[in-house]
file query-v7.tsv (TSV, C-alpha atoms and all ligand atoms)
chain	number	residue	atom	x	y	z
A	227	MET	CA	0.00	0.00	0.00
A	228	SER	CA	1.16	3.50	-0.63
A	229	ILE	CA	-0.01	7.07	-0.32
A	230	LEU	CA	-0.59	8.56	-3.76
A	231	ASN	CA	0.51	12.02	-4.80
A	232	VAL	CA	-2.38	14.51	-5.00
A	233	LEU	CA	-2.30	16.73	-8.11
A	234	GLU	CA	-2.73	20.44	-7.70
A	235	TYR	CA	-4.37	22.91	-10.03
A	236	PRO	CA	-3.32	24.09	-12.68
A	237	ASP	CA	-2.43	20.49	-13.52
A	238	PRO	CA	-4.47	19.90	-16.73
A	239	ILE	CA	-5.60	16.42	-15.60
A	240	LEU	CA	-7.92	18.10	-13.08
A	241	LYS	CA	-9.92	19.68	-15.92
A	242	GLN	CA	-10.46	16.40	-17.80
A	243	VAL	CA	-13.55	14.21	-17.82
A	244	SER	CA	-12.98	10.78	-16.26
A	245	GLU	CA	-13.97	7.45	-17.86
A	246	GLU	CA	-16.60	5.02	-16.61
A	247	VAL	CA	-15.21	2.01	-14.74
A	248	ILE	CA	-16.05	-1.16	-16.70
A	249	ASN	CA	-13.72	-3.79	-15.27
A	250	PHE	CA	-14.25	-4.58	-11.61
A	251	ASP	CA	-11.07	-6.59	-11.32
A	252	SER	CA	-8.07	-6.96	-9.02
A	253	SER	CA	-6.32	-3.87	-10.44
A	254	LEU	CA	-9.34	-1.81	-9.29
A	255	GLU	CA	-9.05	-3.36	-5.84
A	256	ILE	CA	-5.34	-2.57	-5.64
A	257	PHE	CA	-5.96	1.03	-6.68
A	258	LEU	CA	-8.76	1.44	-4.13
A	259	LYS	CA	-6.49	0.37	-1.26
A	260	ASP	CA	-3.98	3.10	-2.08
A	261	PHE	CA	-6.75	5.57	-2.86
A	262	ILE	CA	-8.43	5.11	0.53
A	263	GLU	CA	-5.10	5.19	2.32
A	264	THR	CA	-4.39	8.48	0.55
A	265	LEU	CA	-7.74	9.96	1.60
A	266	ASN	CA	-7.24	8.92	5.22
A	267	SER	CA	-3.68	10.27	5.28
A	268	HIS	CA	-4.96	13.85	4.98
A	269	LYS	CA	-6.17	15.19	8.30
A	270	TYR	CA	-9.81	16.39	8.26
A	271	CYS	CA	-10.13	15.54	4.58
A	272	VAL	CA	-13.55	13.97	3.96
A	273	GLY	CA	-13.44	13.13	0.26
A	274	LEU	CA	-11.20	12.34	-2.69
A	275	ALA	CA	-11.77	11.71	-6.41
A	276	ALA	CA	-9.58	9.39	-8.51
A	277	PRO	CA	-8.53	12.11	-11.02
A	278	GLN	CA	-6.98	14.00	-8.09
A	279	VAL	CA	-4.38	11.23	-7.89
A	280	GLY	CA	-3.98	11.16	-11.67
A	281	ASN	CA	-6.35	8.25	-12.36
A	282	LEU	CA	-9.03	9.37	-14.82
A	283	GLN	CA	-11.68	6.87	-13.70
A	284	ARG	CA	-15.09	7.68	-12.23
A	285	ILE	CA	-14.27	6.71	-8.63
A	286	ILE	CA	-14.75	8.74	-5.45
A	287	ALA	CA	-14.23	8.00	-1.76
A	288	ILE	CA	-16.00	9.80	1.07
A	289	ASN	CA	-15.20	9.52	4.77
A	290	ILE	CA	-17.15	11.96	6.94
A	291	LEU	CA	-15.67	10.31	10.06
A	292	GLN	CA	-12.52	12.33	9.31
A	293	ALA	CA	-14.31	15.67	9.80
A	294	ARG	CA	-13.41	17.95	12.71
A	295	LYS	CA	-16.93	17.79	14.11
A	296	PRO	CA	-19.39	14.92	14.13
A	297	HIS	CA	-21.89	14.89	11.24
A	298	PRO	CA	-24.47	12.24	10.25
A	299	ASN	CA	-22.67	9.83	7.90
A	300	ASN	CA	-22.49	6.39	6.33
A	301	GLY	CA	-18.86	5.73	7.24
A	302	LEU	CA	-16.33	5.12	4.51
A	303	LEU	CA	-18.04	5.20	1.11
A	304	VAL	CA	-16.47	4.15	-2.18
A	305	LEU	CA	-18.72	5.19	-5.05
A	306	ILE	CA	-17.86	3.93	-8.52
A	307	ASN	CA	-19.55	5.55	-11.53
A	308	PRO	CA	-21.63	7.77	-9.22
A	309	LYS	CA	-24.56	9.68	-10.70
A	310	ILE	CA	-26.59	12.20	-8.75
A	311	LEU	CA	-30.23	11.47	-9.52
A	312	GLU	CA	-31.92	14.04	-7.29
A	313	ALA	CA	-30.70	17.19	-5.55
A	314	SER	CA	-32.67	19.57	-3.36
A	315	ASN	CA	-32.43	21.92	-0.38
A	316	PHE	CA	-29.68	24.11	-1.83
A	317	LYS	CA	-27.54	26.13	0.53
A	318	ILE	CA	-24.39	28.23	0.28
A	319	VAL	CA	-21.55	26.45	2.07
A	320	ARG	CA	-17.81	26.90	2.39
A	321	GLU	CA	-15.36	24.39	1.00
A	322	GLY	CA	-11.73	23.81	0.21
A	323	CYS	CA	-9.98	21.23	-1.96
A	324	LEU	CA	-6.73	19.28	-1.57
A	325	SER	CA	-5.97	20.14	-5.19
A	326	ILE	CA	-6.35	23.89	-4.53
A	327	PRO	CA	-4.37	24.45	-1.33
A	328	ASP	CA	-4.74	27.49	0.97
A	329	PHE	CA	-8.01	28.69	-0.50
A	330	THR	CA	-11.64	28.21	0.48
A	331	ALA	CA	-14.75	29.69	-1.08
A	332	ASN	CA	-18.53	29.75	-0.86
A	333	VAL	CA	-20.40	27.47	-3.23
A	334	LYS	CA	-24.02	26.43	-3.62
A	335	ARG	CA	-24.62	22.76	-2.81
A	336	ALA	CA	-27.68	20.56	-2.33
A	337	MET	CA	-28.13	19.45	1.28
A	338	LYS	CA	-30.21	16.45	0.18
A	339	ILE	CA	-29.29	14.14	-2.68
A	340	LYS	CA	-30.02	10.72	-4.10
A	341	VAL	CA	-27.03	9.11	-5.78
A	342	LYS	CA	-26.75	5.95	-7.89
A	343	PHE	CA	-23.39	4.17	-7.96
A	344	GLN	CA	-21.66	0.81	-8.23
A	345	ASN	CA	-19.78	-0.83	-5.40
A	346	LEU	CA	-16.41	-2.55	-5.82
A	347	LYS	CA	-18.16	-5.74	-6.93
A	348	GLY	CA	-19.91	-3.79	-9.70
A	349	GLU	CA	-23.35	-4.01	-8.09
A	350	THR	CA	-25.62	-1.01	-8.66
A	351	LYS	CA	-26.80	0.72	-5.48
A	352	GLU	CA	-28.65	3.87	-4.47
A	353	LEU	CA	-27.98	6.11	-1.52
A	354	GLU	CA	-29.97	8.98	-0.11
A	355	THR	CA	-27.99	11.31	2.09
A	356	THR	CA	-27.95	14.83	3.51
A	357	ASP	CA	-25.83	17.71	4.79
A	358	PHE	CA	-22.05	17.33	5.00
A	359	GLU	CA	-22.00	13.94	3.29
A	360	ALA	CA	-24.25	15.14	0.44
A	361	HIS	CA	-22.02	18.21	0.11
A	362	ALA	CA	-18.85	16.08	-0.11
A	363	ILE	CA	-20.34	13.73	-2.73
A	364	GLN	CA	-21.22	16.68	-4.98
A	365	HIS	CA	-17.71	18.15	-4.74
A	366	GLU	CA	-16.12	14.79	-5.61
A	367	THR	CA	-18.48	13.90	-8.48
A	368	ASP	CA	-17.67	17.33	-9.94
A	369	HIS	CA	-14.00	16.27	-10.07
A	370	LEU	CA	-15.04	13.36	-12.35
A	371	ASP	CA	-16.32	15.91	-14.87
A	372	GLY	CA	-13.27	18.18	-14.58
A	373	ILE	CA	-15.24	20.71	-12.52
A	374	LEU	CA	-13.52	22.42	-9.58
A	375	PHE	CA	-15.13	24.51	-6.86
A	376	LEU	CA	-13.46	27.47	-8.59
A	377	ASP	CA	-16.09	26.91	-11.30
A	378	ARG	CA	-18.89	27.32	-8.76
A	379	ILE	CA	-17.86	30.20	-6.52
A	380	THR	CA	-20.66	32.43	-5.26
A	381	LEU	CA	-20.21	35.50	-3.13
A	382	PRO	CA	-23.16	36.00	-0.83
A	383	SER	CA	-21.93	39.29	0.58
A	384	SER	CA	-21.73	40.95	-2.81
A	385	ASN	CA	-25.11	39.51	-3.79
A	386	LEU	CA	-26.68	40.79	-0.63
A	387	PHE	CA	-25.13	44.22	-0.90
A	388	ARG	CA	-25.65	44.84	-4.58
A	389	ARG	CA	-27.13	48.30	-4.83
A	390	LYS	CA	-30.26	48.96	-6.80
A	391	GLN	CA	-29.49	50.92	-9.96
A	392	PHE	CA	-31.58	54.07	-10.32
B	167	MET	CA	10.09	32.42	-9.20
B	168	ASN	CA	11.56	32.86	-5.75
B	169	GLU	CA	13.58	36.00	-6.35
B	170	PRO	CA	13.28	38.50	-3.55
B	171	LYS	CA	10.42	40.94	-3.96
B	172	ASN	CA	9.16	44.06	-2.35
B	173	TYR	CA	5.55	44.04	-1.24
B	174	PHE	CA	3.23	47.01	-0.90
B	175	ALA	CA	-0.32	47.65	0.22
B	176	ILE	CA	-2.05	50.33	-1.83
B	177	PHE	CA	-5.26	52.04	-0.80
B	178	VAL	CA	-7.22	53.99	-3.42
B	179	LEU	CA	-10.22	56.18	-2.66
B	180	GLY	CA	-12.21	58.49	-4.92
B	181	THR	CA	-15.53	59.29	-6.54
B	182	ASP	CA	-16.68	56.27	-8.50
B	183	SER	CA	-16.51	56.47	-12.28
B	184	ILE	CA	-16.38	54.03	-15.18
B	185	GLY	CA	-12.90	52.80	-16.10
B	186	ILE	CA	-11.31	53.53	-12.74
B	187	VAL	CA	-10.20	49.93	-12.13
B	188	ALA	CA	-8.83	49.64	-15.66
B	189	ASP	CA	-6.78	52.81	-15.12
B	190	ILE	CA	-5.34	51.45	-11.87
B	191	GLY	CA	-4.61	48.11	-13.54
B	192	LYS	CA	-2.88	49.92	-16.42
B	193	ALA	CA	-0.72	52.01	-14.08
B	194	LEU	CA	0.46	48.90	-12.23
B	195	PHE	CA	0.99	46.91	-15.43
B	196	GLU	CA	3.14	49.67	-16.92
B	197	LEU	CA	5.03	49.94	-13.66
B	198	GLY	CA	5.87	46.24	-13.91
B	199	ALA	CA	4.21	45.30	-10.61
B	200	ASN	CA	2.11	42.22	-9.89
B	201	ILE	CA	-1.30	42.47	-8.26
B	202	ASN	CA	-1.31	39.60	-5.75
B	203	ASP	CA	-4.57	40.28	-3.88
B	204	SER	CA	-7.13	42.99	-4.39
B	205	SER	CA	-10.53	43.96	-3.17
B	206	HIS	CA	-12.72	46.75	-4.40
B	207	THR	CA	-16.05	48.03	-3.23
B	208	ILE	CA	-18.35	51.01	-3.47
B	209	ILE	CA	-19.26	52.78	-0.25
B	210	GLY	CA	-21.75	55.57	-0.72
B	211	ASN	CA	-20.63	56.84	-4.13
B	212	GLN	CA	-17.00	56.36	-3.17
B	213	PHE	CA	-14.81	53.89	-4.94
B	214	ALA	CA	-12.51	52.12	-2.47
B	215	MET	CA	-9.85	49.63	-3.44
B	216	LEU	CA	-7.17	47.78	-1.54
B	217	LEU	CA	-4.36	46.04	-3.34
B	218	LEU	CA	-1.42	43.93	-2.30
B	219	ILE	CA	1.24	44.17	-4.99
B	220	SER	CA	4.70	42.70	-5.49
B	221	ALA	CA	7.55	44.23	-7.45
B	222	ALA	CA	11.30	43.94	-7.88
B	223	PRO	CA	13.49	44.78	-4.84
B	224	ASN	CA	14.49	48.19	-6.21
B	225	TYR	CA	10.86	49.43	-6.08
B	226	THR	CA	10.06	52.00	-3.41
B	227	VAL	CA	6.91	53.66	-2.09
B	228	GLU	CA	7.85	56.79	-4.06
B	229	LYS	CA	8.19	54.89	-7.31
B	230	ILE	CA	4.77	53.31	-6.86
B	231	GLN	CA	3.12	56.59	-5.91
B	232	SER	CA	4.61	58.23	-9.01
B	233	ALA	CA	3.08	55.53	-11.24
B	234	PHE	CA	-0.33	56.73	-10.07
B	235	GLN	CA	0.29	60.41	-10.87
B	236	ASP	CA	-1.69	60.45	-14.14
B	237	VAL	CA	-4.68	58.49	-12.89
B	238	THR	CA	-4.75	60.49	-9.65
B	239	LYS	CA	-4.90	63.75	-11.56
B	240	LYS	CA	-7.42	62.49	-14.12
B	241	ARG	CA	-9.84	61.01	-11.59
B	242	GLY	CA	-9.17	62.93	-8.41
B	243	LEU	CA	-8.14	59.87	-6.43
B	244	THR	CA	-6.40	59.57	-3.12
B	245	VAL	CA	-3.70	56.89	-3.29
B	246	TYR	CA	-1.77	55.73	-0.28
B	247	THR	CA	1.08	53.21	-0.52
B	248	HIS	CA	2.62	51.36	2.38
B	249	GLN	CA	5.54	48.92	2.21
B	250	LEU	CA	4.96	45.55	3.84
B	251	SER	CA	7.36	43.21	5.53
B	252	HIS	CA	7.47	39.60	4.41
B	253	GLU	CA	5.51	38.42	7.45
B	254	ASP	CA	2.59	40.62	6.39
B	255	ILE	CA	2.08	38.78	3.12
B	256	TYR	CA	0.90	35.28	3.96
B	257	ARG	CA	-2.01	34.69	6.22
B	258	LYS	CA	-1.21	32.27	9.00
B	259	ASN	CA	-3.97	29.69	9.34
B	260	PRO	CA	-2.64	27.11	11.76
B	261	VAL	CA	-5.87	25.27	12.57
B	262	PRO	CA	-8.71	25.62	10.11
B	263	GLY	CA	-11.74	26.25	12.26
B	264	GLN	CA	-15.39	26.65	11.52
B	265	LEU	CA	-16.99	29.26	9.40
B	266	CYS	CA	-19.47	31.55	11.10
B	267	VAL	CA	-21.81	33.63	8.97
B	268	ILE	CA	-23.91	36.29	10.68
B	269	HIS	CA	-26.71	38.24	9.02
B	270	LEU	CA	-28.20	41.06	11.01
B	271	TYR	CA	-30.96	43.48	10.11
B	272	GLY	CA	-33.25	45.84	11.92
B	273	ALA	CA	-33.95	49.45	12.81
B	274	ASP	CA	-30.66	51.34	13.02
B	275	LYS	CA	-29.37	52.38	16.43
B	276	PRO	CA	-25.97	53.30	17.81
B	277	GLY	CA	-23.57	50.50	18.66
B	278	ILE	CA	-24.74	47.63	16.47
B	279	VAL	CA	-21.33	47.01	14.89
B	280	TYR	CA	-19.55	47.51	18.20
B	281	GLN	CA	-21.72	45.14	20.18
B	282	VAL	CA	-21.65	42.31	17.64
B	283	THR	CA	-17.92	42.54	16.97
B	284	ASN	CA	-17.12	42.92	20.67
B	285	LEU	CA	-18.99	39.70	21.43
B	286	LEU	CA	-16.96	37.91	18.77
B	287	ALA	CA	-13.66	39.37	19.95
B	288	LYS	CA	-14.36	38.20	23.51
B	289	ASN	CA	-14.73	34.67	22.11
B	290	SER	CA	-11.39	34.86	20.19
B	291	ILE	CA	-13.28	34.83	16.91
B	292	ASN	CA	-11.53	36.43	13.96
B	293	ILE	CA	-13.69	38.47	11.56
B	294	THR	CA	-12.66	37.88	7.95
B	295	ASP	CA	-15.38	39.78	6.09
B	296	LEU	CA	-17.76	42.49	7.18
B	297	SER	CA	-20.16	44.62	5.17
B	298	THR	CA	-22.86	46.91	6.51
B	299	ARG	CA	-25.36	49.20	4.89
B	300	ARG	CA	-27.78	51.77	6.20
B	301	PHE	CA	-30.76	52.49	4.00
B	302	GLY	CA	-34.45	53.30	3.88
B	303	ASN	CA	-36.32	56.22	5.40
B	304	GLU	CA	-33.99	58.83	6.99
B	305	LEU	CA	-36.28	59.05	10.04
B	306	LYS	CA	-36.43	55.30	10.49
B	307	PRO	CA	-33.30	53.94	8.84
B	308	ILE	CA	-32.74	50.22	8.44
B	309	TYR	CA	-29.40	48.64	9.14
B	310	ILE	CA	-28.13	45.47	7.54
B	311	MET	CA	-24.93	43.60	8.27
B	312	TYR	CA	-23.20	40.61	6.74
B	313	LEU	CA	-20.27	39.14	8.60
B	314	GLU	CA	-18.03	36.13	8.14
B	315	ALA	CA	-15.65	34.91	10.81
B	316	GLU	CA	-13.39	32.01	11.73
B	317	VAL	CA	-14.42	30.28	14.90
B	318	PRO	CA	-11.73	28.23	16.66
B	319	ASN	CA	-12.72	24.62	17.23
B	320	ASP	CA	-12.63	24.98	21.02
B	321	VAL	CA	-15.26	27.74	21.19
B	322	ASP	CA	-18.50	26.64	22.84
B	323	THR	CA	-20.74	27.25	19.84
B	324	ARG	CA	-23.97	26.64	21.77
B	325	LYS	CA	-23.10	29.40	24.22
B	326	LEU	CA	-22.06	31.65	21.35
B	327	GLY	CA	-25.46	31.07	19.74
B	328	ASP	CA	-27.22	31.90	23.00
B	329	ASP	CA	-25.18	35.08	23.37
B	330	LEU	CA	-26.03	36.16	19.83
B	331	ASN	CA	-29.74	35.52	20.49
B	332	LYS	CA	-29.56	37.59	23.70
B	333	LEU	CA	-27.81	40.38	21.85
B	334	ALA	CA	-30.48	40.35	19.14
B	335	ALA	CA	-33.16	40.71	21.82
B	336	ASN	CA	-31.29	43.59	23.52
B	337	LEU	CA	-30.71	45.45	20.26
B	338	LYS	CA	-34.22	44.59	19.00
B	339	VAL	CA	-32.79	43.42	15.67
B	340	GLU	CA	-32.89	40.12	13.81
B	341	ILE	CA	-29.67	38.12	13.96
B	342	LYS	CA	-29.37	34.93	11.95
B	343	TYR	CA	-26.19	32.95	12.29
B	344	GLU	CA	-24.81	29.75	10.91
B	345	LEU	CA	-21.83	27.85	12.13
B	346	GLU	CA	-20.48	25.23	9.85
B	347	GLU	CA	-17.35	23.27	9.31
B	348	VAL	CA	-15.36	24.28	6.24
B	349	ALA	CA	-15.41	21.12	4.14
B	350	SER	CA	-11.94	19.79	3.33
B	351	LEU	CA	-12.38	17.87	0.10
A	401	ZN	ZN	-11.48	18.58	-4.44
call {"tool": "encode", "arguments": {"input": "query-v7.tsv", "output": "structure tokens"}}
result
Amino acid sequence: MSILNVLEYPDPILKQVSEEVINFDSSLEIFLKDFIETLNSHKYCVGLAAPQVGNLQRIIAINILQARKPHPNNGLLVLINPKILEASNFKIVREGCLSIPDFTANVKRAMKIKVKFQNLKGETKELETTDFEAHAIQHETDHLDGILFLDRITLPSSNLFRRKQF
Amino acid sequence: MNEPKNYFAIFVLGTDSIGIVADIGKALFELGANINDSSHTIIGNQFAMLLLISAAPNYTVEKIQSAFQDVTKKRGLTVYTHQLSHEDIYRKNPVPGQLCVIHLYGADKPGIVYQVTNLLAKNSINITDLSTRRFGNELKPIYIMYLEAEVPNDVDTRKLGDDLNKLAANLKVEIKYELEEVASL
């Protein structure tokens, strides 16, 4: 097992679209071991997407147990080919990304989602989740489409304080 | 990339007009300085901009001020330049805490900003963004505030919430606050 190197923007790999996983074989299992070890090696980090470690496959891992504060969660989640089917209860939240160090920003995320995915055996599953875990899943699935939180920044203070034009 | 640099904070104030930011950008570009961080807002009808710039080690406050001569004359701006030490450049963030967002609104009265910020200071909470606006009827003005702050992980957030609610009742204003962990993803 080894901890993988996390790519940082402006590495062009982070803007690419990842491929569907088709083969659920031993090479996937070997990658997942390193991938999860990498996620858990970063203090407070609650999610990682495969393209962040240079592997352009649609794989994400979520571990809300690593958060600073307790949040409702489903433990360690490995979602392969995840697809968000439903999203609601949008809220502006703050987030940072291992691939964009020393910067956090406000983004709009759904606090309730339903996601379809495959597990490491290739079985199709569905998960409904909320709050911090829902937030993390959206950030990581964005990585699979080459979308960074820099693409989604919103500034509530400027929205709130925009002056009416007379 | 790591050659020594001189860093400066520049403060620009003046009556707002179209093209003001472009003129400032042009002056700095022609000077050969980099804009590292900048923030610009309109208060009243005043344009206010803060910039953190970097330039080669032979740059001085005087040289930077002189680059603004044309734009200052053309637009009637006040420009103030201050040289920074290296420790002033990078924000030290040892332990990422929680984000606290406070919205306040209500009838204006003296001391709103003081009382809210004093409560936060007493709890070792660092304000990172604050905007306020007074508007509406001159006889019954409305005050609105938006504040973001970093709350250390060891602050008792339940007590902080109670204190904010008490303050809202005392000031007879609405205070809505949210405390949330900054997601590390
Ligand atoms: Zn990320």
call {"tool": "interface_residues", "arguments": {"input": "query-v7.tsv", "of": "chain A", "to": "chain B", "cutoff": "6 Å", "atoms": "only C-alpha atoms", "output": "VMD selection string"}}
result
chain A and resid 271 to 273 320 to 323
call {"tool": "residues_around", "arguments": {"input": "query-v7.tsv", "residues": "Tyr246 of chain B", "least_positions_apart": "4", "cutoff": "7 Å", "atoms": "only C-alpha atoms", "output": "ChimeraX atom specification"}}
result
/B:176-178
call {"tool": "axis_aligned_box", "arguments": {"input": "query-v7.tsv", "around": "segment 242-246 of chain A", "padding_each_side": "6 Å", "output": "JSON"}}
result
{"center_x": -13.5, "center_y": 10.7, "center_z": -17.1, "size_x": 18.1, "size_y": 23.4, "size_z": 13.6}
call {"tool": "atom_distance", "arguments": {"input": "query-v7.tsv", "atom1": "atom CA of His297 of chain A", "atom2": "atom CA of Lys317 of chain A"}}
result
16.5 Å
call {"tool": "residues_near_ligand", "arguments": {"input": "query-v7.tsv", "ligand": "ligand ZN 401 (chain A)", "cutoff": "12 Å", "atoms": "all atoms listed in the file", "output": "PyMOL selection string"}}
result
(chain A and resi 232-235+240-241+265+271-279+286-288+321-327+329-330+361-377) or (chain B and resi 349-351)
call {"tool": "atom_distance", "arguments": {"input": "query-v7.tsv", "atom1": "atom CA of Ile341 of chain B", "atom2": "atom CA of Gly327 of chain B"}}
result
10.0 Å
call {"tool": "atom_distance", "arguments": {"input": "query-v7.tsv", "atom1": "atom CA of Asp260 of chain A", "atom2": "atom CA of Val304 of chain A"}}
result
12.5 Å
call {"tool": "residues_around", "arguments": {"input": "query-v7.tsv", "residues": "Lys240 of chain B", "least_positions_apart": "2", "cutoff": "12 Å", "atoms": "all atoms listed in the file", "output": "count of residues only"}}
result
15
call {"tool": "closest_residue", "arguments": {"input": "query-v7.tsv", "among": "A:Glu312, A:Ile318, A:Lys342, A:Asn307", "to": "Leu282 of chain A", "atoms": "all atoms listed in the file"}}
result
A:Asn307
call {"tool": "residues_around", "arguments": {"input": "query-v7.tsv", "residues": "Ile255 of chain B", "least_positions_apart": "3", "cutoff": "12 Å", "atoms": "only C-alpha atoms", "output": "ChimeraX atom specification"}}
result
/B:171-175,202-203,217-220,249-252,258
call {"tool": "closest_residue", "arguments": {"input": "query-v7.tsv", "among": "B:Cys266, B:Ala188, B:Ile209, B:Leu194", "to": "Ala221 of chain B", "atoms": "all atoms listed in the file"}}
result
B:Leu194
call {"tool": "closest_residue", "arguments": {"input": "query-v7.tsv", "among": "B:Leu216, B:Val245, B:Val339, B:Leu345", "to": "Ala273 of chain B", "atoms": "only C-alpha atoms"}}
result
B:Val339
call {"tool": "residues_around", "arguments": {"input": "query-v7.tsv", "residues": "Met337 of chain A", "least_positions_apart": "2", "cutoff": "9 Å", "atoms": "only C-alpha atoms", "output": "MDAnalysis selection string"}}
result
chainID A and resid 313:317 335 339 355:361
call {"tool": "closest_residue", "arguments": {"input": "query-v7.tsv", "among": "A:Gln283, A:Gln242, A:Ile248, A:Ile229", "to": "Phe261 of chain A", "atoms": "only C-alpha atoms"}}
result
A:Ile229
call {"tool": "closest_residue", "arguments": {"input": "query-v7.tsv", "among": "A:Lys338, A:Gly280, A:Lys351, A:Val319", "to": "Ile239 of chain A", "atoms": "all atoms listed in the file"}}
result
A:Gly280
call {"tool": "decode", "arguments": {"input": "query-v7.tsv", "residues": "segment 282-304 of chain B", "atoms": "N, CA and C atoms", "output": "PDB file, in the first residue's frame"}}
result
ATOM      1  N   VAL B 282     -21.816  43.632  18.284  1.00  0.00           N
ATOM      2  CA  VAL B 282     -21.646  42.310  17.642  1.00  0.00           C
ATOM      3  C   VAL B 282     -20.165  41.942  17.591  1.00  0.00           C
ATOM      4  N   THR B 283     -19.337  42.879  17.145  1.00  0.00           N
ATOM      5  CA  THR B 283     -17.916  42.542  16.973  1.00  0.00           C
ATOM      6  C   THR B 283     -17.222  42.350  18.324  1.00  0.00           C
ATOM      7  N   ASN B 284     -17.693  43.074  19.330  1.00  0.00           N
ATOM      8  CA  ASN B 284     -17.115  42.918  20.666  1.00  0.00           C
ATOM      9  C   ASN B 284     -17.412  41.528  21.235  1.00  0.00           C
ATOM     10  N   LEU B 285     -18.632  41.044  20.986  1.00  0.00           N
ATOM     11  CA  LEU B 285     -18.992  39.698  21.432  1.00  0.00           C
ATOM     12  C   LEU B 285     -18.073  38.658  20.762  1.00  0.00           C
ATOM     13  N   LEU B 286     -17.814  38.859  19.482  1.00  0.00           N
ATOM     14  CA  LEU B 286     -16.956  37.908  18.766  1.00  0.00           C
ATOM     15  C   LEU B 286     -15.515  37.989  19.272  1.00  0.00           C
ATOM     16  N   ALA B 287     -15.040  39.205  19.476  1.00  0.00           N
ATOM     17  CA  ALA B 287     -13.658  39.368  19.955  1.00  0.00           C
ATOM     18  C   ALA B 287     -13.471  38.693  21.313  1.00  0.00           C
ATOM     19  N   LYS B 288     -14.470  38.828  22.180  1.00  0.00           N
ATOM     20  CA  LYS B 288     -14.355  38.205  23.506  1.00  0.00           C
ATOM     21  C   LYS B 288     -14.287  36.686  23.422  1.00  0.00           C
ATOM     22  N   ASN B 289     -14.785  36.121  22.312  1.00  0.00           N
ATOM     23  CA  ASN B 289     -14.729  34.670  22.113  1.00  0.00           C
ATOM     24  C   ASN B 289     -13.547  34.251  21.230  1.00  0.00           C
ATOM     25  N   SER B 290     -12.575  35.144  21.031  1.00  0.00           N
ATOM     26  CA  SER B 290     -11.385  34.864  20.190  1.00  0.00           C
ATOM     27  C   SER B 290     -11.756  34.512  18.753  1.00  0.00           C
ATOM     28  N   ILE B 291     -12.827  35.120  18.275  1.00  0.00           N
ATOM     29  CA  ILE B 291     -13.282  34.833  16.906  1.00  0.00           C
ATOM     30  C   ILE B 291     -12.768  35.930  15.976  1.00  0.00           C
ATOM     31  N   ASN B 292     -12.163  35.500  14.885  1.00  0.00           N
ATOM     32  CA  ASN B 292     -11.528  36.431  13.956  1.00  0.00           C
ATOM     33  C   ASN B 292     -12.470  36.766  12.802  1.00  0.00           C
ATOM     34  N   ILE B 293     -12.803  38.044  12.648  1.00  0.00           N
ATOM     35  CA  ILE B 293     -13.687  38.471  11.556  1.00  0.00           C
ATOM     36  C   ILE B 293     -12.879  38.545  10.268  1.00  0.00           C
ATOM     37  N   THR B 294     -13.385  37.887   9.223  1.00  0.00           N
ATOM     38  CA  THR B 294     -12.662  37.877   7.949  1.00  0.00           C
ATOM     39  C   THR B 294     -13.361  38.706   6.882  1.00  0.00           C
ATOM     40  N   ASP B 295     -14.632  39.005   7.090  1.00  0.00           N
ATOM     41  CA  ASP B 295     -15.377  39.779   6.090  1.00  0.00           C
ATOM     42  C   ASP B 295     -16.529  40.473   6.802  1.00  0.00           C
ATOM     43  N   LEU B 296     -16.665  41.751   6.548  1.00  0.00           N
ATOM     44  CA  LEU B 296     -17.761  42.491   7.181  1.00  0.00           C
ATOM     45  C   LEU B 296     -18.254  43.566   6.230  1.00  0.00           C
ATOM     46  N   SER B 297     -19.560  43.560   5.971  1.00  0.00           N
ATOM     47  CA  SER B 297     -20.164  44.620   5.166  1.00  0.00           C
ATOM     48  C   SER B 297     -21.407  45.094   5.892  1.00  0.00           C
ATOM     49  N   THR B 298     -21.637  46.388   5.903  1.00  0.00           N
ATOM     50  CA  THR B 298     -22.857  46.905   6.505  1.00  0.00           C
ATOM     51  C   THR B 298     -23.448  47.943   5.565  1.00  0.00           C
ATOM     52  N   ARG B 299     -24.731  48.142   5.673  1.00  0.00           N
ATOM     53  CA  ARG B 299     -25.360  49.204   4.893  1.00  0.00           C
ATOM     54  C   ARG B 299     -26.542  49.768   5.671  1.00  0.00           C
ATOM     55  N   ARG B 300     -26.667  51.074   5.557  1.00  0.00           N
ATOM     56  CA  ARG B 300     -27.780  51.767   6.200  1.00  0.00           C
ATOM     57  C   ARG B 300     -28.632  52.308   5.076  1.00  0.00           C
ATOM     58  N   PHE B 301     -29.904  52.041   5.114  1.00  0.00           N
ATOM     59  CA  PHE B 301     -30.758  52.486   4.001  1.00  0.00           C
ATOM     60  C   PHE B 301     -32.181  52.694   4.491  1.00  0.00           C
ATOM     61  N   GLY B 302     -33.043  53.097   3.546  1.00  0.00           N
ATOM     62  CA  GLY B 302     -34.447  53.301   3.879  1.00  0.00           C
ATOM     63  C   GLY B 302     -34.716  54.729   4.300  1.00  0.00           C
ATOM     64  N   ASN B 303     -35.834  54.924   4.938  1.00  0.00           N
ATOM     65  CA  ASN B 303     -36.318  56.218   5.400  1.00  0.00           C
ATOM     66  C   ASN B 303     -35.324  56.878   6.362  1.00  0.00           C
ATOM     67  N   GLU B 304     -34.961  58.132   6.129  1.00  0.00           N
ATOM     68  CA  GLU B 304     -33.992  58.827   6.990  1.00  0.00           C
ATOM     69  C   GLU B 304     -34.459  58.890   8.454  1.00  0.00           C
TER      70      GLU B 304
END
